[in-house]
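To start, the structure itself, in structure tokens.
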Amino acid sequence: MAEIKRIETPLTHEMVAGLKAGDNVLINGVVYTARDAAHKKMVEALSRGEALPFDVKDQIIYFVGPTPAKPGQVIGSAGPTTSGRMDAYSPTLLALGLTGMIGKGLRSAEVIEAMKKHGAVYFGAIGGAGALIAKCIVAAEVIAYPELGPEAVRRLIVKDFPAMVIIDSEGNNLYETGKAQYRRA
Amino acid sequence: MKEIHVDRIVEALEQLCLEANYDLGEDIMASFRRARESEASPLGKEVLDRLIENAQVAHDERVPMCQDTGMTVVFVEVGQDLHVVGGALTDALNEGVRRGYEKGYLRKSVVKDPFDRVNTGDNTPAVIHYNIVAGDRIRLVVAPKGAGSENMSALKMGKPSDGLEGVLQFVVDTVDKAGGNPCPPIIVGVGVGGTMEKAALLAKKALLRPVGEHHPEERLAKIEAELLERINKLGIGPQGFGGTTTALAVNLEVYPTHIAGMPMAVNIGCHSTRHKGVTLEGREA
Ligand code: SF4
């Protein structure tokens with residue numbers, strides 16, 4: 001395996017500039033969770049002129065809706081959900097300074113453009129490895145929209161959370177380069 | 001005539017919901033190990049290792065392998081000589097889902113209405129497919145289905161002139177477009193023939209066939225092999241990071257169809273393609 005980079009949040013623009021598609025990283029510190037319903041609520045709040053439940057500047061949002069924690073667990077299984085469903089909302093948050101997103105799957109051209117413009121990276125976590133990923137989450141607290149259940153916004157503290165840089169701030173895309181490398185069709 | 005009380009069906013369903021989400025099938029585990037050996041990409045191998053590890057953690061610690069514990073699809077084969085007593089069968093199946101998802105700390109992922117989108121809070125209702133068969137037993141299969149892979153599935157009402165090549169192309173294109181979204185390596189269920197809904201159901205049922213088991217008809221088994229080869233040449237690889245293992249299996253089912261029809265459906269199953277079943281015997285009334 002290539003060298004693994006350790007990142008401590010907040011994710012500053014300097015750090016973003018140093019990350020390249022295909023980098024293997026271990027994320028440490030605070031990340032926030034949000035998926036479909038929370039993104040919709042956040043963007044609606046902004047359009048009403050209200051503040052977001054947390055300041056997205058230099059932060060990472062993890063697209064996840066965990067299973068309920070069993071007694072004694074910090075969080076239930078917590079792998080990434082398909083990021084494409086957040087494409088409609090991500091550019092708005094990127095414009096406000098969001099620097100990282102963790103999910104799985106393809107992103108739209110609009111999102112990639114916004115990442116290049118504002119300086120952000122898209123990380124991929126292993127989709128479906130929810131039981132394993134949960135072990136890297138050392139604290140979890142619901143900070144907004146508790147009524148959304150698994151879709152509530154949580155503040156997580158992660159330790160050595162494994163991820164890959166899929167799309168970097170220059171628009172290089174591991175999904176394209178990786179596929180091209182092994183394509184024989 | 002034999003009888004079965006709904007309470008036994010509720011209990012069985014509850015148990016199947018847990019097992020399906022905690023215990024990945026041995027067939028898929030074995031195919032992960034085989035793929036790990038044949039995968040050309042080092043990163044792809046690494047992903048496969050993590051998937052094996054993840055399934056082991058889920059099994060050992062009795063936690064869901066994936067956080068998307070799905071909408072609960074239930075296949076029921078009811079023997080025509082069996083009498084279900086004590087309540088309605090459909091209610092019993094939903095009660096089993098309700099209890100299983102609560103007790104098993106499984107995620108409740110169902111909204112009551114596709115427009116209002118308010119969570120039902122207990123993962124009901126299940127999607128239930130009934131089939132009446134000969135005999136006096138009942139077979140229950142629980143197959144939780146996550147949206148990541150379900151959303152990448154596709155249906156096409158083709159023309160007879162599309163022929164075999166048209167179907168192959170449709171399947172390969174569907175997988176290519178899906179990329180890393182459905183958590184590859186995937187299992188591809190393909191249904192061809194019948195009517196619109198029949199093709200879709202065939203594709204879904206095809207996902208229940210164990211990985212590594214081919215269609216008993218040789219000509220269809222050959223088509224499965226060809227599709228698998230073409231899909232694995234796409235380069236998508238484990239998690240879409242690039243590699244030679246995009247799919248673990250292609251399972252094809254066919255059915256007679258209309259002289260003017262060529263319905264074709266692709267149901268994509270992720271690496272967490274989950275299904276557990278049990279057959280219950282009735283008791284003499
Ligand atoms: S596609 Fe499957 S493995 Fe991936 S997140 Fe959904 S249910 Fe889990």
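As shown in the structure tokens, the chain order sets the letters A, B, ...; within each chain, residues go from 1, and ligands are also counted from 1 in the order they appear.
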Closest contacts (chain B/ligand 1, max 12 Å, only C-alpha atoms and all ligand atoms) as a Markdown table:
```
| residue | atom | partner | partner_atom_place_in_ligand_line | distance |
| --- | --- | --- | --- | --- |
| B:Ala20 | CA | ligand 1 | 7 (S) | 11.9 |
| B:Asn21 | CA | ligand 1 | 7 (S) | 9.8 |
| B:Leu24 | CA | ligand 1 | 3 (S) | 11.1 |
| B:Leu51 | CA | ligand 1 | 3 (S) | 9.7 |
| B:Asn54 | CA | ligand 1 | 3 (S) | 10.8 |
| B:Ala55 | CA | ligand 1 | 3 (S) | 10.9 |
| B:Pro64 | CA | ligand 1 | 8 (Fe) | 9.7 |
| B:Met65 | CA | ligand 1 | 8 (Fe) | 7.9 |
| B:Cys66 | CA | ligand 1 | 8 (Fe) | 4.7 |
| B:Gln67 | CA | ligand 1 | 8 (Fe) | 6.3 |
| B:Asp68 | CA | ligand 1 | 7 (S) | 4.7 |
| B:Thr69 | CA | ligand 1 | 7 (S) | 6.4 |
| B:Gly70 | CA | ligand 1 | 7 (S) | 6.3 |
| B:Met71 | CA | ligand 1 | 7 (S) | 9.6 |
| B:Thr72 | CA | ligand 1 | 7 (S) | 11.5 |
| B:Arg107 | CA | ligand 1 | 7 (S) | 11.1 |
| B:Ser109 | CA | ligand 1 | 7 (S) | 11.0 |
| B:Ala143 | CA | ligand 1 | 7 (S) | 11.1 |
| B:Pro144 | CA | ligand 1 | 7 (S) | 8.3 |
| B:Lys145 | CA | ligand 1 | 7 (S) | 6.3 |
| B:Gly146 | CA | ligand 1 | 7 (S) | 3.6 |
| B:Ala147 | CA | ligand 1 | 6 (Fe) | 5.5 |
| B:Gly148 | CA | ligand 1 | 1 (S) | 3.8 |
| B:Ser149 | CA | ligand 1 | 1 (S) | 4.4 |
| B:Glu150 | CA | ligand 1 | 1 (S) | 7.4 |
| B:Asn151 | CA | ligand 1 | 1 (S) | 8.8 |
| B:Met152 | CA | ligand 1 | 1 (S) | 9.3 |
| B:Ser153 | CA | ligand 1 | 1 (S) | 11.2 |
| B:Ala178 | CA | ligand 1 | 1 (S) | 10.9 |
| B:Gly179 | CA | ligand 1 | 1 (S) | 11.7 |
| B:Gly180 | CA | ligand 1 | 4 (Fe) | 9.4 |
| B:Asn181 | CA | ligand 1 | 1 (S) | 7.1 |
| B:Pro182 | CA | ligand 1 | 1 (S) | 4.4 |
| B:Cys183 | CA | ligand 1 | 4 (Fe) | 4.5 |
| B:Pro184 | CA | ligand 1 | 4 (Fe) | 8.0 |
| B:Pro185 | CA | ligand 1 | 3 (S) | 9.5 |
| B:Ile186 | CA | ligand 1 | 1 (S) | 8.8 |
| B:Ile187 | CA | ligand 1 | 2 (Fe) | 10.5 |
| B:Pro238 | CA | ligand 1 | 4 (Fe) | 11.5 |
| B:Gln239 | CA | ligand 1 | 4 (Fe) | 9.2 |
| B:Gly240 | CA | ligand 1 | 4 (Fe) | 11.8 |
| B:Asn267 | CA | ligand 1 | 1 (S) | 11.9 |
| B:Ile268 | CA | ligand 1 | 1 (S) | 8.9 |
| B:Gly269 | CA | ligand 1 | 2 (Fe) | 7.0 |
| B:Cys270 | CA | ligand 1 | 2 (Fe) | 4.5 |
| B:His271 | CA | ligand 1 | 3 (S) | 5.6 |
| B:Ser272 | CA | ligand 1 | 3 (S) | 4.7 |
| B:Thr273 | CA | ligand 1 | 2 (Fe) | 6.9 |
| B:Arg274 | CA | ligand 1 | 7 (S) | 8.9 |
```
Report task. Compile the residues of chain A that lie within 9 Å of chain B, evaluated using only C-alpha atoms, and express the compilation as JSON, numbers by chain. Result -> {"A": [1, 22, 64, 65, 66, 67, 68, 69, 70, 76, 77, 78, 79, 80, 81, 82, 83, 84, 104, 105, 106, 124, 125, 126, 127, 128, 129, 130, 131, 132, 133, 148, 149, 150, 166, 174, 175, 176, 177, 178, 179, 180, 181, 182, 183, 184, 185]}
Query - Those in segment 231-278 of chain B with strand (DSSP E) from DSSP, as a count of residues only - result: 22
Report summary line: Atom pair atom CA of Leu18 of chain B + atom CA of Leu202 of chain B, distance 25.2 Å
**Report entry** Who sits within 10 Å of Thr92 of chain A, only C-alpha atoms, same chain under 6 positions skipped, as a VMD selection string
**Finding:** chain A and resid 42 to 43 46 98 111 114
Report task. Give the answer as one residue: which of B:Arg283, B:Lys222, B:Arg34, B:Arg8 has the shortest atom-to-atom distance to Leu140 of chain B, using only C-alpha atoms? Result -> B:Arg8
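Rounded to one decimal, atom CA of Gly86 of chain B and atom CA of Asp7 of chain B lie 7.7 Å from each other.
Of note, atom CA of Asp55 of chain A and atom CA of Ile157 of chain A are spaced 16.0 Å apart.
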Requested in this report: Considering only C-alpha atoms, return as a list in words whatever protein or nucleic-acid residues lie within 9 Å of Arg107 of chain A, sequence-local ones (same chain, fewer than 3 positions apart) excluded.
Outcome: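 The filter keeps Ser83, Gly84, Arg85, Met86, Asp87, Glu110, Val111, Ile112, Tyr122 and Ile167 of chain A.
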May I have the residues from that selection written out with C-alpha atoms, as a CSV table (one decimal), in the first residue's frame?
```csv
chain,number,residue,atom,x,y,z
A,83,SER,CA,-23.3,10.8,-2.3
A,84,GLY,CA,-25.0,11.6,-5.5
A,85,ARG,CA,-28.3,12.2,-3.7
A,86,MET,CA,-26.6,15.1,-1.9
A,87,ASP,CA,-25.4,16.7,-5.2
A,110,GLU,CA,-21.6,20.9,-10.6
A,111,VAL,CA,-20.3,19.5,-7.3
A,112,ILE,CA,-16.8,19.0,-8.8
A,122,TYR,CA,-14.3,14.3,-1.7
A,167,ILE,CA,-11.8,13.7,-6.0
```
Report task. Name the residues of segment 46-249 of chain B that fall into alpha helix (DSSP H) according to DSSP on the backbone, using the chain letters and numbers of this document, as a ChimeraX atom specification. Result -> /B:46-61,89-103,147-150,163-178,196-206,218-232
Which residues come within 12 Å of Lys205 of chain B, counting only C-alpha atoms, excluding same-chain residues fewer than 3 positions away, as a PDB file with N, CA and C atoms, in the first residue's frame?
```pdb
ATOM      1  N   VAL B  73     -37.733  -7.162   2.094  1.00  0.00           N
ATOM      2  CA  VAL B  73     -38.454  -7.915   1.068  1.00  0.00           C
ATOM      3  C   VAL B  73     -38.637  -9.334   1.610  1.00  0.00           C
ATOM      4  N   VAL B  74     -39.861  -9.843   1.524  1.00  0.00           N
ATOM      5  CA  VAL B  74     -40.132 -11.185   2.035  1.00  0.00           C
ATOM      6  C   VAL B  74     -40.744 -12.029   0.921  1.00  0.00           C
ATOM      7  N   PHE B  75     -40.138 -13.170   0.681  1.00  0.00           N
ATOM      8  CA  PHE B  75     -40.697 -14.139  -0.273  1.00  0.00           C
ATOM      9  C   PHE B  75     -41.362 -15.246   0.537  1.00  0.00           C
ATOM     10  N   VAL B  76     -42.619 -15.515   0.209  1.00  0.00           N
ATOM     11  CA  VAL B  76     -43.368 -16.518   0.954  1.00  0.00           C
ATOM     12  C   VAL B  76     -43.894 -17.569  -0.009  1.00  0.00           C
ATOM     13  N   HIS B 129     -43.861 -10.952  -1.394  1.00  0.00           N
ATOM     14  CA  HIS B 129     -44.215 -11.680  -2.618  1.00  0.00           C
ATOM     15  C   HIS B 129     -44.707 -13.067  -2.231  1.00  0.00           C
ATOM     16  N   VAL B 141     -38.552 -16.369   3.215  1.00  0.00           N
ATOM     17  CA  VAL B 141     -37.206 -15.860   2.930  1.00  0.00           C
ATOM     18  C   VAL B 141     -37.220 -14.348   3.121  1.00  0.00           C
ATOM     19  N   VAL B 142     -36.314 -13.867   3.978  1.00  0.00           N
ATOM     20  CA  VAL B 142     -36.203 -12.432   4.219  1.00  0.00           C
ATOM     21  C   VAL B 142     -34.980 -11.922   3.468  1.00  0.00           C
ATOM     22  N   ALA B 143     -35.194 -10.899   2.644  1.00  0.00           N
ATOM     23  CA  ALA B 143     -34.102 -10.341   1.836  1.00  0.00           C
ATOM     24  C   ALA B 143     -34.101  -8.814   1.967  1.00  0.00           C
ATOM     25  N   ILE B 187     -23.599  -8.282  -7.100  1.00  0.00           N
ATOM     26  CA  ILE B 187     -24.203  -9.483  -7.662  1.00  0.00           C
ATOM     27  C   ILE B 187     -25.305  -8.963  -8.582  1.00  0.00           C
ATOM     28  N   VAL B 188     -25.315  -9.442  -9.806  1.00  0.00           N
ATOM     29  CA  VAL B 188     -26.239  -8.895 -10.790  1.00  0.00           C
ATOM     30  C   VAL B 188     -27.374  -9.894 -11.040  1.00  0.00           C
ATOM     31  N   GLY B 189     -28.579  -9.480 -10.704  1.00  0.00           N
ATOM     32  CA  GLY B 189     -29.754 -10.297 -10.980  1.00  0.00           C
ATOM     33  C   GLY B 189     -30.363  -9.831 -12.287  1.00  0.00           C
ATOM     34  N   VAL B 190     -30.585 -10.756 -13.212  1.00  0.00           N
ATOM     35  CA  VAL B 190     -31.152 -10.385 -14.511  1.00  0.00           C
ATOM     36  C   VAL B 190     -32.418 -11.212 -14.752  1.00  0.00           C
ATOM     37  N   GLY B 191     -33.483 -10.533 -15.137  1.00  0.00           N
ATOM     38  CA  GLY B 191     -34.726 -11.216 -15.493  1.00  0.00           C
ATOM     39  C   GLY B 191     -35.108 -10.848 -16.911  1.00  0.00           C
ATOM     40  N   LYS B 198     -43.086  -9.067 -14.257  1.00  0.00           N
ATOM     41  CA  LYS B 198     -42.512 -10.407 -14.154  1.00  0.00           C
ATOM     42  C   LYS B 198     -40.996 -10.348 -14.317  1.00  0.00           C
ATOM     43  N   ALA B 199     -40.533  -9.555 -15.281  1.00  0.00           N
ATOM     44  CA  ALA B 199     -39.095  -9.437 -15.511  1.00  0.00           C
ATOM     45  C   ALA B 199     -38.401  -8.878 -14.268  1.00  0.00           C
ATOM     46  N   ALA B 200     -39.034  -7.873 -13.644  1.00  0.00           N
ATOM     47  CA  ALA B 200     -38.435  -7.265 -12.447  1.00  0.00           C
ATOM     48  C   ALA B 200     -38.359  -8.274 -11.309  1.00  0.00           C
ATOM     49  N   LEU B 201     -39.426  -9.041 -11.157  1.00  0.00           N
ATOM     50  CA  LEU B 201     -39.452 -10.025 -10.073  1.00  0.00           C
ATOM     51  C   LEU B 201     -38.445 -11.150 -10.317  1.00  0.00           C
ATOM     52  N   LEU B 202     -38.310 -11.551 -11.571  1.00  0.00           N
ATOM     53  CA  LEU B 202     -37.309 -12.575 -11.897  1.00  0.00           C
ATOM     54  C   LEU B 202     -35.908 -12.088 -11.524  1.00  0.00           C
ATOM     55  N   LEU B 208     -31.381 -14.299  -5.098  1.00  0.00           N
ATOM     56  CA  LEU B 208     -31.444 -15.267  -3.994  1.00  0.00           C
ATOM     57  C   LEU B 208     -30.601 -16.506  -4.280  1.00  0.00           C
ATOM     58  N   ARG B 209     -30.276 -16.699  -5.548  1.00  0.00           N
ATOM     59  CA  ARG B 209     -29.489 -17.885  -5.890  1.00  0.00           C
ATOM     60  C   ARG B 209     -28.066 -17.733  -5.339  1.00  0.00           C
ATOM     61  N   PRO B 210     -27.522 -18.781  -4.713  1.00  0.00           N
ATOM     62  CA  PRO B 210     -26.189 -18.651  -4.131  1.00  0.00           C
ATOM     63  C   PRO B 210     -25.144 -18.261  -5.174  1.00  0.00           C
ATOM     64  N   ASN B 251     -26.622 -13.689 -12.123  1.00  0.00           N
ATOM     65  CA  ASN B 251     -27.640 -14.746 -12.061  1.00  0.00           C
ATOM     66  C   ASN B 251     -28.801 -14.361 -12.976  1.00  0.00           C
ATOM     67  N   LEU B 252     -29.063 -15.209 -13.957  1.00  0.00           N
ATOM     68  CA  LEU B 252     -30.076 -14.912 -14.976  1.00  0.00           C
ATOM     69  C   LEU B 252     -31.267 -15.853 -14.822  1.00  0.00           C
ATOM     70  N   GLU B 253     -32.461 -15.277 -14.928  1.00  0.00           N
ATOM     71  CA  GLU B 253     -33.683 -16.088 -14.956  1.00  0.00           C
ATOM     72  C   GLU B 253     -34.518 -15.639 -16.150  1.00  0.00           C
ATOM     73  N   VAL B 254     -35.161 -16.594 -16.809  1.00  0.00           N
ATOM     74  CA  VAL B 254     -35.989 -16.244 -17.966  1.00  0.00           C
ATOM     75  C   VAL B 254     -37.396 -16.819 -17.804  1.00  0.00           C
ATOM     76  N   ALA B 265     -34.865  -6.874 -17.133  1.00  0.00           N
ATOM     77  CA  ALA B 265     -34.679  -6.144 -15.876  1.00  0.00           C
ATOM     78  C   ALA B 265     -33.353  -6.533 -15.252  1.00  0.00           C
ATOM     79  N   VAL B 266     -32.714  -5.540 -14.654  1.00  0.00           N
ATOM     80  CA  VAL B 266     -31.459  -5.765 -13.940  1.00  0.00           C
ATOM     81  C   VAL B 266     -31.664  -5.299 -12.509  1.00  0.00           C
ATOM     82  N   ASN B 267     -31.540  -6.215 -11.556  1.00  0.00           N
ATOM     83  CA  ASN B 267     -31.591  -5.826 -10.151  1.00  0.00           C
ATOM     84  C   ASN B 267     -30.185  -5.976  -9.595  1.00  0.00           C
ATOM     85  N   ILE B 268     -29.612  -4.849  -9.194  1.00  0.00           N
ATOM     86  CA  ILE B 268     -28.240  -4.912  -8.698  1.00  0.00           C
ATOM     87  C   ILE B 268     -28.257  -5.186  -7.198  1.00  0.00           C
ATOM     88  N   GLY B 269     -27.509  -6.211  -6.815  1.00  0.00           N
ATOM     89  CA  GLY B 269     -27.328  -6.529  -5.399  1.00  0.00           C
ATOM     90  C   GLY B 269     -25.913  -6.134  -5.018  1.00  0.00           C
ATOM     91  N   THR B 273     -25.491  -8.521  -0.206  1.00  0.00           N
ATOM     92  CA  THR B 273     -26.748  -9.112  -0.684  1.00  0.00           C
ATOM     93  C   THR B 273     -27.186 -10.139   0.360  1.00  0.00           C
ATOM     94  N   HIS B 275     -29.897 -12.555   2.438  1.00  0.00           N
ATOM     95  CA  HIS B 275     -31.148 -13.314   2.444  1.00  0.00           C
ATOM     96  C   HIS B 275     -30.999 -14.516   3.335  1.00  0.00           C
TER      97      HIS B 275
END
```
Query raised in the report: For Pro91 of chain A, which residue among A:Leu52, A:Ile75, A:Val158, A:Ala109 is the nearest when counting only C-alpha atoms?
Result: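 Among the listed residues, A:Ala109 lies closest to Pro91 of chain A.
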Query - Closest of B:Met262, B:Ala221, B:Val78, B:Val133 to Gly194 of chain B - atom-to-atom distances counting only C-alpha atoms - result: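 Of all the options, B:Met262 lies closest to Gly194 of chain B.
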